[in-house]
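query00.json (JSON, C-alpha atoms and all ligand atoms)
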```json
[["chain", "number", "residue", "atom", "x", "y", "z"],
["A", 1, "MET", "CA", 0.00, 0.00, 0.00],
["A", 2, "ARG", "CA", 1.22, 3.51, -0.79],
["A", 3, "LEU", "CA", -0.59, 5.13, 2.14],
["A", 4, "ASN", "CA", 2.19, 4.56, 4.69],
["A", 5, "GLU", "CA", 5.12, 4.92, 2.27],
["A", 6, "ASP", "CA", 6.58, 7.98, 4.03],
["A", 7, "ILE", "CA", 5.15, 7.52, 7.52],
["A", 8, "ALA", "CA", 6.94, 6.28, 10.62],
["A", 9, "ILE", "CA", 5.02, 5.90, 13.87],
["A", 10, "SER", "CA", 6.72, 6.55, 17.16],
["A", 11, "THR", "CA", 5.53, 5.91, 20.72],
["A", 12, "SER", "CA", 7.47, 5.56, 23.95],
["A", 13, "LYS", "CA", 7.34, 1.77, 23.52],
["A", 14, "VAL", "CA", 7.82, 1.09, 19.83],
["A", 15, "LEU", "CA", 8.76, 2.48, 16.42],
["A", 16, "LEU", "CA", 7.05, 1.37, 13.20],
["A", 17, "VAL", "CA", 8.58, 2.20, 9.81],
["A", 18, "PRO", "CA", 7.42, 1.35, 6.28],
["A", 19, "TYR", "CA", 8.93, -1.89, 4.97],
["A", 20, "ASP", "CA", 11.71, -0.82, 2.59],
["A", 21, "ALA", "CA", 14.27, -2.52, 0.39],
["A", 22, "HIS", "CA", 17.06, -1.86, 2.92],
["A", 23, "HIS", "CA", 15.19, -4.02, 5.48],
["A", 24, "VAL", "CA", 15.01, -7.06, 3.22],
["A", 25, "GLN", "CA", 18.34, -8.71, 4.09],
["A", 26, "GLN", "CA", 17.49, -8.76, 7.80],
["A", 27, "TYR", "CA", 13.91, -9.83, 7.06],
["A", 28, "HIS", "CA", 15.28, -12.69, 4.97],
["A", 29, "ARG", "CA", 17.62, -13.76, 7.80],
["A", 30, "TRP", "CA", 14.62, -13.90, 10.16],
["A", 31, "MET", "CA", 12.61, -16.00, 7.73],
["A", 32, "GLU", "CA", 15.44, -18.53, 7.41],
["A", 33, "ASP", "CA", 14.40, -19.74, 10.90],
["A", 34, "PRO", "CA", 11.98, -22.68, 10.43],
["A", 35, "SER", "CA", 10.18, -21.93, 13.72],
["A", 36, "ILE", "CA", 9.41, -18.39, 12.55],
["A", 37, "ARG", "CA", 8.13, -19.71, 9.22],
["A", 38, "GLU", "CA", 5.92, -22.20, 11.03],
["A", 39, "ALA", "CA", 4.52, -19.62, 13.48],
["A", 40, "THR", "CA", 3.79, -17.17, 10.66],
["A", 41, "ALA", "CA", 2.64, -19.79, 8.12],
["A", 42, "SER", "CA", 5.25, -18.54, 5.67],
["A", 43, "GLU", "CA", 7.16, -20.29, 2.93],
["A", 44, "ARG", "CA", 10.92, -20.23, 2.61],
["A", 45, "LEU", "CA", 11.94, -17.69, -0.05],
["A", 46, "SER", "CA", 15.22, -16.82, -1.70],
["A", 47, "LEU", "CA", 16.67, -13.38, -1.02],
["A", 48, "GLU", "CA", 15.68, -12.33, -4.52],
["A", 49, "GLU", "CA", 12.07, -13.48, -3.94],
["A", 50, "GLU", "CA", 12.04, -11.57, -0.64],
["A", 51, "TYR", "CA", 13.05, -8.39, -2.51],
["A", 52, "GLU", "CA", 10.24, -9.03, -4.99],
["A", 53, "ASN", "CA", 7.80, -9.51, -2.10],
["A", 54, "GLN", "CA", 8.83, -6.25, -0.46],
["A", 55, "ALA", "CA", 8.33, -4.36, -3.73],
["A", 56, "SER", "CA", 4.98, -6.01, -4.42],
["A", 57, "TRP", "CA", 3.69, -5.31, -0.88],
["A", 58, "ARG", "CA", 4.41, -1.62, -1.47],
["A", 59, "GLU", "CA", 2.45, -1.71, -4.72],
["A", 60, "SER", "CA", -0.40, -3.96, -3.51],
["A", 61, "ARG", "CA", -3.46, -1.95, -2.55],
["A", 62, "ASP", "CA", -4.60, -4.63, -0.13],
["A", 63, "LYS", "CA", -1.47, -4.94, 2.05],
["A", 64, "LEU", "CA", -0.29, -2.51, 4.73],
["A", 65, "THR", "CA", 3.12, -3.35, 6.20],
["A", 66, "PHE", "CA", 5.44, -1.87, 8.81],
["A", 67, "ILE", "CA", 8.75, -3.03, 10.25],
["A", 68, "VAL", "CA", 8.71, -3.05, 14.05],
["A", 69, "CYS", "CA", 11.73, -1.43, 15.71],
["A", 70, "ALA", "CA", 12.91, -0.60, 19.20],
["A", 71, "PRO", "CA", 11.52, 2.78, 20.32],
["A", 72, "LEU", "CA", 13.36, 6.00, 19.48],
["A", 73, "LEU", "CA", 15.52, 7.48, 22.19],
["A", 74, "ARG", "CA", 14.54, 10.58, 24.08],
["A", 75, "GLY", "CA", 16.72, 13.29, 25.50],
["A", 76, "GLY", "CA", 19.34, 14.49, 23.05],
["A", 77, "GLY", "CA", 20.61, 11.50, 21.03],
["A", 78, "SER", "CA", 20.83, 11.34, 17.25],
["A", 79, "LEU", "CA", 17.60, 9.33, 17.25],
["A", 80, "ASP", "CA", 15.81, 11.88, 19.38],
["A", 81, "VAL", "CA", 12.41, 12.44, 17.85],
["A", 82, "GLU", "CA", 11.88, 15.90, 19.37],
["A", 83, "GLU", "CA", 14.99, 17.15, 17.63],
["A", 84, "THR", "CA", 14.54, 15.62, 14.20],
["A", 85, "LYS", "CA", 10.74, 15.47, 13.73],
["A", 86, "ALA", "CA", 11.59, 12.77, 11.23],
["A", 87, "VAL", "CA", 12.89, 9.25, 11.34],
["A", 88, "LEU", "CA", 16.11, 8.84, 9.41],
["A", 89, "ALA", "CA", 15.93, 5.66, 7.34],
["A", 90, "GLY", "CA", 18.85, 3.37, 8.21],
["A", 91, "VAL", "CA", 19.39, 5.09, 11.59],
["A", 92, "GLY", "CA", 16.18, 4.83, 13.64],
["A", 93, "ASP", "CA", 15.62, 1.48, 11.93],
["A", 94, "ALA", "CA", 19.24, 0.28, 11.75],
["A", 95, "VAL", "CA", 19.55, -3.52, 11.57],
["A", 96, "ASP", "CA", 20.22, -3.87, 15.31],
["A", 97, "ARG", "CA", 17.02, -1.92, 16.06],
["A", 98, "MET", "CA", 14.74, -3.99, 13.79],
["A", 99, "VAL", "CA", 12.73, -6.59, 15.72],
["A", 100, "GLY", "CA", 9.92, -7.81, 13.46],
["A", 101, "ASP", "CA", 6.98, -6.79, 11.32],
["A", 102, "VAL", "CA", 3.27, -6.15, 11.55],
["A", 103, "ASN", "CA", 0.89, -6.14, 8.63],
["A", 104, "LEU", "CA", -2.70, -6.11, 7.48],
["A", 105, "PHE", "CA", -4.19, -7.87, 4.48],
["A", 106, "LEU", "CA", -7.59, -6.72, 3.24],
["A", 107, "SER", "CA", -10.03, -8.93, 1.36],
["A", 108, "PRO", "CA", -13.75, -9.05, 0.54],
["A", 109, "TRP", "CA", -15.88, -10.12, 3.49],
["A", 110, "ASP", "CA", -17.71, -13.40, 2.91],
["A", 111, "GLY", "CA", -20.03, -13.30, 5.93],
["A", 112, "ASP", "CA", -23.30, -15.18, 6.20],
["A", 113, "GLY", "CA", -25.50, -12.21, 5.21],
["A", 114, "ASP", "CA", -27.68, -12.26, 8.32],
["A", 115, "ASP", "CA", -26.48, -8.84, 9.35],
["A", 116, "GLU", "CA", -29.07, -6.08, 8.99],
["A", 117, "GLU", "CA", -26.88, -3.81, 6.88],
["A", 118, "GLN", "CA", -25.83, -6.69, 4.68],
["A", 119, "ALA", "CA", -29.49, -7.61, 4.22],
["A", 120, "GLN", "CA", -30.28, -4.05, 3.13],
["A", 121, "ALA", "CA", -27.45, -4.20, 0.67],
["A", 122, "GLN", "CA", -28.79, -7.44, -0.74],
["A", 123, "LYS", "CA", -32.26, -5.95, -1.20],
["A", 124, "GLY", "CA", -30.65, -3.51, -3.61],
["A", 125, "ASP", "CA", -31.19, -0.40, -1.53],
["A", 126, "GLU", "CA", -28.50, 1.61, -3.25],
["A", 127, "LYS", "CA", -28.30, 4.29, -0.60],
["A", 128, "GLU", "CA", -27.47, 1.68, 2.01],
["A", 129, "ALA", "CA", -25.47, -0.68, -0.16],
["A", 130, "LYS", "CA", -21.94, -1.06, 1.10],
["A", 131, "THR", "CA", -18.89, -3.05, 0.24],
["A", 132, "TYR", "CA", -17.84, -5.11, 3.22],
["A", 133, "CYS", "CA", -14.31, -6.20, 3.78],
["A", 134, "THR", "CA", -12.27, -8.02, 6.35],
["A", 135, "ALA", "CA", -8.64, -7.61, 7.39],
["A", 136, "GLU", "CA", -6.17, -10.23, 8.52],
["A", 137, "ILE", "CA", -3.47, -9.03, 10.89],
["A", 138, "ASP", "CA", -0.05, -10.65, 11.36],
["A", 139, "ILE", "CA", 2.59, -9.84, 13.93],
["A", 140, "MET", "CA", 6.11, -11.15, 14.28],
["A", 141, "ILE", "CA", 8.71, -10.28, 16.91],
["A", 142, "ALA", "CA", 11.44, -12.25, 15.21],
["A", 143, "ASP", "CA", 14.34, -11.99, 17.61],
["A", 144, "PRO", "CA", 13.58, -14.06, 20.75],
["A", 145, "LYS", "CA", 15.57, -11.67, 22.95],
["A", 146, "PHE", "CA", 12.97, -8.96, 22.22],
["A", 147, "ARG", "CA", 10.02, -11.21, 23.07],
["A", 148, "GLY", "CA", 8.05, -11.16, 26.31],
["A", 149, "VAL", "CA", 8.70, -7.49, 27.07],
["A", 150, "GLY", "CA", 5.49, -6.11, 25.61],
["A", 151, "LEU", "CA", 6.86, -5.10, 22.19],
["A", 152, "GLY", "CA", 4.44, -7.31, 20.24],
["A", 153, "ARG", "CA", 1.44, -5.99, 22.11],
["A", 154, "ALA", "CA", 2.62, -2.37, 21.78],
["A", 155, "ALA", "CA", 3.27, -2.87, 18.06],
["A", 156, "VAL", "CA", -0.20, -4.33, 17.39],
["A", 157, "ALA", "CA", -1.97, -1.66, 19.50],
["A", 158, "THR", "CA", -0.03, 1.15, 17.77],
["A", 159, "PHE", "CA", -0.64, -0.36, 14.34],
["A", 160, "LEU", "CA", -4.39, -0.75, 14.95],
["A", 161, "TYR", "CA", -4.58, 2.78, 16.29],
["A", 162, "PHE", "CA", -2.97, 3.96, 13.03],
["A", 163, "VAL", "CA", -5.45, 1.86, 11.04],
["A", 164, "ARG", "CA", -8.35, 3.52, 12.88],
["A", 165, "GLN", "CA", -6.93, 6.99, 12.26],
["A", 166, "HIS", "CA", -6.47, 6.29, 8.54],
["A", 167, "LEU", "CA", -9.32, 3.90, 7.89],
["A", 168, "ASP", "CA", -10.95, 5.98, 5.15],
["A", 169, "GLY", "CA", -7.66, 6.34, 3.27],
["A", 170, "ILE", "CA", -6.80, 2.66, 3.69],
["A", 171, "LEU", "CA", -10.20, 1.54, 2.43],
["A", 172, "ALA", "CA", -10.09, 4.03, -0.44],
["A", 173, "GLU", "CA", -6.72, 2.67, -1.58],
["A", 174, "TYR", "CA", -7.99, -0.88, -1.16],
["A", 175, "MET", "CA", -11.15, -0.16, -3.16],
["A", 176, "GLY", "CA", -8.96, 0.77, -6.10],
["A", 177, "SER", "CA", -8.03, -2.92, -6.18],
["A", 178, "LEU", "CA", -11.59, -4.13, -6.55],
["A", 179, "ASP", "CA", -13.78, -4.27, -9.58],
["A", 180, "ILE", "CA", -16.35, -1.82, -8.25],
["A", 181, "PRO", "CA", -19.87, -2.05, -9.70],
["A", 182, "THR", "CA", -21.26, 0.97, -11.53],
["A", 183, "ALA", "CA", -23.48, 3.44, -9.67],
["A", 184, "ASN", "CA", -26.76, 2.09, -10.99],
["A", 185, "SER", "CA", -25.99, -1.57, -10.47],
["A", 186, "LYS", "CA", -27.96, -3.50, -7.83],
["A", 187, "THR", "CA", -24.88, -3.89, -5.71],
["A", 188, "ALA", "CA", -23.65, -0.32, -6.06],
["A", 189, "THR", "CA", -21.09, 0.72, -3.55],
["A", 190, "SER", "CA", -21.45, 3.86, -1.46],
["A", 191, "LYS", "CA", -18.83, 3.33, 1.18],
["A", 192, "PRO", "CA", -16.55, 0.47, 2.08],
["A", 193, "VAL", "CA", -16.93, -0.91, 5.60],
["A", 194, "LEU", "CA", -14.35, -2.90, 7.51],
["A", 195, "LYS", "CA", -16.38, -5.60, 9.27],
["A", 196, "ASP", "CA", -13.68, -7.14, 11.37],
["A", 197, "VAL", "CA", -9.98, -7.73, 11.93],
["A", 198, "VAL", "CA", -8.86, -11.35, 12.22],
["A", 199, "ALA", "CA", -5.68, -12.98, 13.53],
["A", 200, "LYS", "CA", -5.09, -16.59, 12.45],
["A", 201, "ILE", "CA", -2.95, -18.24, 15.11],
["A", 202, "ASN", "CA", -1.58, -21.74, 15.73],
["A", 203, "ALA", "CA", -3.70, -23.08, 18.61],
["A", 204, "ASP", "CA", -0.53, -23.80, 20.60],
["A", 205, "ASN", "CA", 0.88, -20.25, 20.17],
["A", 206, "LYS", "CA", -0.11, -19.07, 23.65],
["A", 207, "ALA", "CA", 1.87, -15.82, 23.54],
["A", 208, "SER", "CA", 0.08, -14.68, 20.39],
["A", 209, "ILE", "CA", -3.35, -15.72, 21.71],
["A", 210, "VAL", "CA", -2.74, -13.85, 24.99],
["A", 211, "LEU", "CA", -1.55, -10.81, 23.04],
["A", 212, "PHE", "CA", -4.67, -10.57, 20.87],
["A", 213, "GLN", "CA", -7.02, -11.36, 23.78],
["A", 214, "ALA", "CA", -5.51, -8.46, 25.73],
["A", 215, "LEU", "CA", -6.40, -6.18, 22.80],
["A", 216, "GLY", "CA", -10.07, -7.19, 22.71],
["A", 217, "PHE", "CA", -9.97, -10.00, 20.13],
["A", 218, "LYS", "CA", -12.21, -13.02, 20.78],
["A", 219, "GLN", "CA", -11.94, -16.57, 19.51],
["A", 220, "ARG", "CA", -14.37, -17.43, 16.70],
["A", 221, "GLY", "CA", -15.16, -21.09, 16.16],
["A", 222, "GLU", "CA", -12.96, -24.07, 16.90],
["A", 223, "THR", "CA", -9.46, -25.04, 15.88],
["A", 224, "ASN", "CA", -9.48, -25.68, 12.12],
["A", 225, "TYR", "CA", -7.98, -28.50, 10.07],
["A", 226, "PHE", "CA", -4.60, -26.71, 10.00],
["A", 227, "GLY", "CA", -4.49, -26.41, 13.80],
["A", 228, "GLU", "CA", -5.27, -22.68, 13.69],
["A", 229, "ILE", "CA", -7.77, -20.63, 15.60],
["A", 230, "GLU", "CA", -9.25, -17.30, 14.54],
["A", 231, "MET", "CA", -9.15, -14.40, 16.99],
["A", 232, "VAL", "CA", -11.54, -11.71, 15.79],
["A", 233, "PHE", "CA", -12.21, -8.06, 16.55],
["A", 234, "GLU", "CA", -15.78, -7.61, 15.32],
["A", 235, "GLY", "CA", -16.93, -4.15, 14.23],
["A", 236, "PHE", "CA", -13.42, -2.71, 14.22],
["A", 237, "GLY", "CA", -14.32, -0.30, 11.44],
["A", 238, "PHE", "CA", -17.52, 1.04, 13.00],
["A", 239, "GLY", "CA", -17.54, 4.47, 14.60],
["A", 240, "GLU", "CA", -16.52, 4.96, 18.20],
["A", 241, "ILE", "CA", -15.06, 2.16, 20.23],
["A", 242, "ASP", "CA", -14.14, 4.27, 23.23],
["A", 243, "GLU", "CA", -13.15, 1.44, 25.50],
["A", 244, "TRP", "CA", -10.73, 0.07, 22.95],
["A", 245, "ASP", "CA", -9.24, 3.50, 22.29],
["A", 246, "LYS", "CA", -8.70, 4.01, 26.02],
["A", 247, "MET", "CA", -7.18, 0.57, 26.54],
["A", 248, "SER", "CA", -4.99, 0.68, 23.43],
["A", 249, "SER", "CA", -3.48, 4.03, 24.32],
["A", 250, "SER", "CA", -2.12, 2.59, 27.57],
["A", 251, "VAL", "CA", -0.71, -0.44, 25.73],
["A", 252, "MET", "CA", 0.90, 1.38, 22.83],
["A", 253, "GLY", "CA", 2.81, 3.82, 25.05],
["A", 254, "ASP", "CA", 2.85, 7.61, 25.34],
["A", 255, "ARG", "CA", 3.48, 10.25, 22.71],
["A", 256, "TYR", "CA", 1.96, 8.61, 19.63],
["A", 257, "GLU", "CA", 3.41, 10.55, 16.71],
["A", 258, "GLU", "CA", 3.37, 10.08, 12.96],
["A", 259, "LEU", "CA", 6.69, 11.28, 11.58],
["A", 260, "PHE", "CA", 8.19, 11.75, 8.14],
["A", 261, "TYR", "CA", 10.26, 8.74, 7.08],
["A", 262, "ASP", "CA", 13.34, 10.44, 5.64],
["A", 263, "ARG", "CA", 15.28, 8.35, 3.10],
["A", 264, "SER", "CA", 17.69, 11.17, 2.15],
["A", 265, "GLN", "CA", 20.67, 9.64, 4.02],
["A", 266, "LEU", "CA", 20.24, 6.11, 2.70],
["A", 267, "LYS", "CA", 23.22, 4.76, 0.80],
["A", 268, "GLU", "CA", 22.30, 3.18, -2.52],
["A", 301, "LIG", "C1", 3.68, -14.04, 19.36],
["A", 301, "LIG", "C2", 4.60, -12.85, 19.49],
["A", 301, "LIG", "C3", 4.24, -11.84, 18.41],
["A", 301, "LIG", "C4", 4.46, -12.22, 20.86],
["A", 301, "LIG", "O1", 5.23, -11.05, 20.90],
["A", 301, "LIG", "P1", 5.86, -10.54, 22.29],
["A", 301, "LIG", "O2", 6.49, -9.23, 22.07],
["A", 301, "LIG", "O3", 6.74, -11.61, 22.84],
["A", 301, "LIG", "O4", 4.54, -10.42, 23.14],
["A", 301, "LIG", "P2", 4.27, -9.51, 24.40],
["A", 301, "LIG", "O5", 5.50, -9.48, 25.27],
["A", 301, "LIG", "O6", 3.73, -8.21, 23.94],
["A", 301, "LIG", "O7", 3.07, -10.29, 25.10],
["A", 301, "LIG", "C5", 3.04, -11.66, 25.12],
["A", 301, "LIG", "C6", 2.09, -12.09, 26.23],
["A", 301, "LIG", "O8", 1.99, -13.50, 26.13],
["A", 301, "LIG", "C7", 2.32, -14.06, 27.38],
["A", 301, "LIG", "N1", 2.91, -15.37, 27.12],
["A", 301, "LIG", "C8", 4.09, -15.63, 26.52],
["A", 301, "LIG", "N2", 4.26, -16.96, 26.43],
["A", 301, "LIG", "C9", 3.15, -17.52, 26.99],
["A", 301, "LIG", "C10", 2.74, -18.85, 27.22],
["A", 301, "LIG", "N3", 3.48, -19.88, 26.83],
["A", 301, "LIG", "N4", 1.54, -19.06, 27.82],
["A", 301, "LIG", "C11", 0.77, -18.03, 28.21],
["A", 301, "LIG", "N5", 1.11, -16.73, 28.02],
["A", 301, "LIG", "C12", 2.28, -16.50, 27.42],
["A", 301, "LIG", "C13", 3.29, -13.10, 28.01],
["A", 301, "LIG", "O9", 3.34, -13.28, 29.42],
["A", 301, "LIG", "C14", 2.64, -11.78, 27.62],
["A", 301, "LIG", "O10", 1.51, -11.49, 28.41],
["A", 301, "LIG", "P3", 1.60, -10.47, 29.66],
["A", 301, "LIG", "O11", 2.17, -9.21, 29.12],
["A", 301, "LIG", "O12", 0.18, -10.36, 30.12],
["A", 301, "LIG", "O13", 2.51, -11.11, 30.66],
["A", 301, "LIG", "C15", 6.10, -13.30, 19.34],
["A", 301, "LIG", "O14", 6.39, -14.27, 20.27],
["A", 301, "LIG", "C16", 6.43, -13.81, 17.96],
["A", 301, "LIG", "O15", 6.56, -13.05, 17.02],
["A", 301, "LIG", "N6", 6.58, -15.13, 17.79],
["A", 301, "LIG", "C17", 6.93, -15.71, 16.50],
["A", 301, "LIG", "C18", 5.95, -15.35, 15.39],
["A", 301, "LIG", "C19", 4.52, -15.52, 15.81],
["A", 301, "LIG", "O16", 4.18, -16.46, 16.52],
["A", 301, "LIG", "N7", 3.66, -14.62, 15.33],
["A", 301, "LIG", "C20", 2.25, -14.65, 15.59],
["A", 301, "LIG", "C21", 1.57, -15.32, 14.44],
["A", 301, "LIG", "S1", -0.16, -15.12, 14.63]]
```
Could I get this structure in the form of structure tokens?
Amino acid sequence: MRLNEDIAISTSKVLLVPYDAHHVQQYHRWMEDPSIREATASERLSLEEEYENQASWRESRDKLTFIVCAPLLRGGGSLDVEETKAVLAGVGDAVDRMVGDVNLFLSPWDGDGDDEEQAQAQKGDEKEAKTYCTAEIDIMIADPKFRGVGLGRAAVATFLYFVRQHLDGILAEYMGSLDIPTANSKTATSKPVLKDVVAKINADNKASIVLFQALGFKQRGETNYFGEIEMVFEGFGFGEIDEWDKMSSSVMGDRYEELFYDRSQLKE
């Protein structure tokens, strides 16, 4: 997705930066670990394929990706956010500060249609007709020494807060990827709606289950054939969810800021 191409997000607990080509070598090293591939249901890729993936995720209108990094320093260092008001690519996200990634994948919602709004849409009420979508979220804190200190939870809370702040823009970019019906068609689209956010987790991945539970996700259904459960945040895209906003701001840390991601110092 282009939306976050130049945006870094900083809180007192975590830094998120757009996934760039200069991150790929480290990303590839992480994905060489079979346990990481298993936990994230990923295939082993060559370095070249990983570069292609990174480029395609930037272009894809349905995929929003950030690299998770250790938080910026405060109080006068070269990474000090108050001084720079920007995150220098290759500095704030130097290899030894990269810890994982967090991403969202949007797709059409294939619910059961018993929802009132969905029913209205099916009746052909064009004013009410909406395009429903769902989003799958993935989190990885790749380096075990960074696990268990709240980084994963802070990264997901910060990321979802960003998604809520930019939901219209995210859905607008996503809608460009769909074959949208014309205005007078029975299924005309007035506004896209994000129905839910879903995490697909190995049933034995307790840390991930605990993480998503703490952020308001609830298990839907039983363990599937692949040994995965679905943790779902229903109605994530609907209006106010005050309780979640309150809870997430304590988890993501203080001083949420969106900063310019400055690539000017990157060596080719
Ligand atoms: C799952 C993962 C993202 C968690 O990230 P993290 O930074 O270690 O998580 P946090 O420290 O924010 O929180 C983890 C929570 O799980 C708890 N936890 C960890 N292991 C646990 C276990 N075996 N049983 C129960 N709870 C456990 C921790 O105590 C913590 O809860 P607390 O803060 O209430 O004490 C990370 O371990 C990871 O990336 N693993 C590999 C990839 C992966 O599994 N991704 C998820 C795919 S859906």
Produce a table with one row for each residue of range 48-77 of chain A that has an atom at most 10 Å from any atom of range 155-165 of chain A, each row naming the nearest atom pair and its distance in Å at one decimal; use all atoms listed in the file; arrange rows by chain and rising residue number; format as a tab-separated table.
```
residue	atom	partner	partner_atom	distance
A:Leu64	CA	A:Val163	CA	9.2
A:Thr65	CA	A:Phe159	CA	9.5
A:Phe66	CA	A:Phe159	CA	8.4
A:Ile67	CA	A:Ala155	CA	9.5
A:Val68	CA	A:Ala155	CA	6.8
A:Cys69	CA	A:Ala155	CA	8.9
A:Ala70	CA	A:Ala155	CA	10.0
```
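Taking all atoms listed in the file, the non-local environment of Gly227 in chain A within 7 Å (same-chain residues fewer than 2 positions away omitted) comprises Asn202, Ala203, Thr223, Asn224, Tyr225 and Ile229 of chain A.
Between Leu72 in chain A and the residues A:Trp244, A:Val251, A:Leu15, A:Trp30, the shortest atom-to-atom distance, using all atoms listed in the file, involves A:Leu15.
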All residues 7 Å or closer to Phe236 in chain A, all atoms listed in the file, same chain fewer than 3 positions away omitted, as a ChimeraX atom specification: /A:194-197,233
Could the residues in this selection be written to a file with C-alpha atoms, as a PDB file, in the frame of the given file?
```
ATOM      1  CA  LEU A 194     -14.350  -2.900   7.510  1.00  0.00           C
ATOM      2  CA  LYS A 195     -16.380  -5.600   9.270  1.00  0.00           C
ATOM      3  CA  ASP A 196     -13.680  -7.140  11.370  1.00  0.00           C
ATOM      4  CA  VAL A 197      -9.980  -7.730  11.930  1.00  0.00           C
ATOM      5  CA  PHE A 233     -12.210  -8.060  16.550  1.00  0.00           C
TER       6      PHE A 233
END
```
Contacts of ligand LIG 301 (chain A), 8 Å or closer, only C-alpha atoms and all ligand atoms, given as an MDAnalysis selection string: chainID A and resid 35:37 39:41 100 137:144 146:155 199:202 205:211 214
Would you write out those residues with C-alpha atoms, as a PDB file, keeping the file's coordinate frame?
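The result, written out as result_5.pdb:
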```pdb
ATOM      1  CA  SER A  35      10.180 -21.930  13.720  1.00  0.00           C
ATOM      2  CA  ILE A  36       9.410 -18.390  12.550  1.00  0.00           C
ATOM      3  CA  ARG A  37       8.130 -19.710   9.220  1.00  0.00           C
ATOM      4  CA  ALA A  39       4.520 -19.620  13.480  1.00  0.00           C
ATOM      5  CA  THR A  40       3.790 -17.170  10.660  1.00  0.00           C
ATOM      6  CA  ALA A  41       2.640 -19.790   8.120  1.00  0.00           C
ATOM      7  CA  GLY A 100       9.920  -7.810  13.460  1.00  0.00           C
ATOM      8  CA  ILE A 137      -3.470  -9.030  10.890  1.00  0.00           C
ATOM      9  CA  ASP A 138      -0.050 -10.650  11.360  1.00  0.00           C
ATOM     10  CA  ILE A 139       2.590  -9.840  13.930  1.00  0.00           C
ATOM     11  CA  MET A 140       6.110 -11.150  14.280  1.00  0.00           C
ATOM     12  CA  ILE A 141       8.710 -10.280  16.910  1.00  0.00           C
ATOM     13  CA  ALA A 142      11.440 -12.250  15.210  1.00  0.00           C
ATOM     14  CA  ASP A 143      14.340 -11.990  17.610  1.00  0.00           C
ATOM     15  CA  PRO A 144      13.580 -14.060  20.750  1.00  0.00           C
ATOM     16  CA  PHE A 146      12.970  -8.960  22.220  1.00  0.00           C
ATOM     17  CA  ARG A 147      10.020 -11.210  23.070  1.00  0.00           C
ATOM     18  CA  GLY A 148       8.050 -11.160  26.310  1.00  0.00           C
ATOM     19  CA  VAL A 149       8.700  -7.490  27.070  1.00  0.00           C
ATOM     20  CA  GLY A 150       5.490  -6.110  25.610  1.00  0.00           C
ATOM     21  CA  LEU A 151       6.860  -5.100  22.190  1.00  0.00           C
ATOM     22  CA  GLY A 152       4.440  -7.310  20.240  1.00  0.00           C
ATOM     23  CA  ARG A 153       1.440  -5.990  22.110  1.00  0.00           C
ATOM     24  CA  ALA A 154       2.620  -2.370  21.780  1.00  0.00           C
ATOM     25  CA  ALA A 155       3.270  -2.870  18.060  1.00  0.00           C
ATOM     26  CA  ALA A 199      -5.680 -12.980  13.530  1.00  0.00           C
ATOM     27  CA  LYS A 200      -5.090 -16.590  12.450  1.00  0.00           C
ATOM     28  CA  ILE A 201      -2.950 -18.240  15.110  1.00  0.00           C
ATOM     29  CA  ASN A 202      -1.580 -21.740  15.730  1.00  0.00           C
ATOM     30  CA  ASN A 205       0.880 -20.250  20.170  1.00  0.00           C
ATOM     31  CA  LYS A 206      -0.110 -19.070  23.650  1.00  0.00           C
ATOM     32  CA  ALA A 207       1.870 -15.820  23.540  1.00  0.00           C
ATOM     33  CA  SER A 208       0.080 -14.680  20.390  1.00  0.00           C
ATOM     34  CA  ILE A 209      -3.350 -15.720  21.710  1.00  0.00           C
ATOM     35  CA  VAL A 210      -2.740 -13.850  24.990  1.00  0.00           C
ATOM     36  CA  LEU A 211      -1.550 -10.810  23.040  1.00  0.00           C
ATOM     37  CA  ALA A 214      -5.510  -8.460  25.730  1.00  0.00           C
TER      38      ALA A 214
END
```
May I have the protein, DNA and RNA residues with any atom at most 12 Å from the point (-11.5, -3.9, -0.9), counting only C-alpha atoms, written as a CSV table (one decimal) with C-alpha atoms, keeping the file's coordinate frame?
```csv
chain,number,residue,atom,x,y,z
A,60,SER,CA,-0.4,-4.0,-3.5
A,61,ARG,CA,-3.5,-2.0,-2.6
A,62,ASP,CA,-4.6,-4.6,-0.1
A,63,LYS,CA,-1.5,-4.9,2.0
A,105,PHE,CA,-4.2,-7.9,4.5
A,106,LEU,CA,-7.6,-6.7,3.2
A,107,SER,CA,-10.0,-8.9,1.4
A,108,PRO,CA,-13.8,-9.0,0.5
A,109,TRP,CA,-15.9,-10.1,3.5
A,110,ASP,CA,-17.7,-13.4,2.9
A,130,LYS,CA,-21.9,-1.1,1.1
A,131,THR,CA,-18.9,-3.0,0.2
A,132,TYR,CA,-17.8,-5.1,3.2
A,133,CYS,CA,-14.3,-6.2,3.8
A,134,THR,CA,-12.3,-8.0,6.4
A,135,ALA,CA,-8.6,-7.6,7.4
A,167,LEU,CA,-9.3,3.9,7.9
A,168,ASP,CA,-11.0,6.0,5.2
A,169,GLY,CA,-7.7,6.3,3.3
A,170,ILE,CA,-6.8,2.7,3.7
A,171,LEU,CA,-10.2,1.5,2.4
A,172,ALA,CA,-10.1,4.0,-0.4
A,173,GLU,CA,-6.7,2.7,-1.6
A,174,TYR,CA,-8.0,-0.9,-1.2
A,175,MET,CA,-11.2,-0.2,-3.2
A,176,GLY,CA,-9.0,0.8,-6.1
A,177,SER,CA,-8.0,-2.9,-6.2
A,178,LEU,CA,-11.6,-4.1,-6.6
A,179,ASP,CA,-13.8,-4.3,-9.6
A,180,ILE,CA,-16.4,-1.8,-8.2
A,189,THR,CA,-21.1,0.7,-3.6
A,191,LYS,CA,-18.8,3.3,1.2
A,192,PRO,CA,-16.6,0.5,2.1
A,193,VAL,CA,-16.9,-0.9,5.6
A,194,LEU,CA,-14.4,-2.9,7.5
A,195,LYS,CA,-16.4,-5.6,9.3
```
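Going from CA of Leu266 in chain A over to CA of Lys85 in chain A, you cover 17.3 Å.
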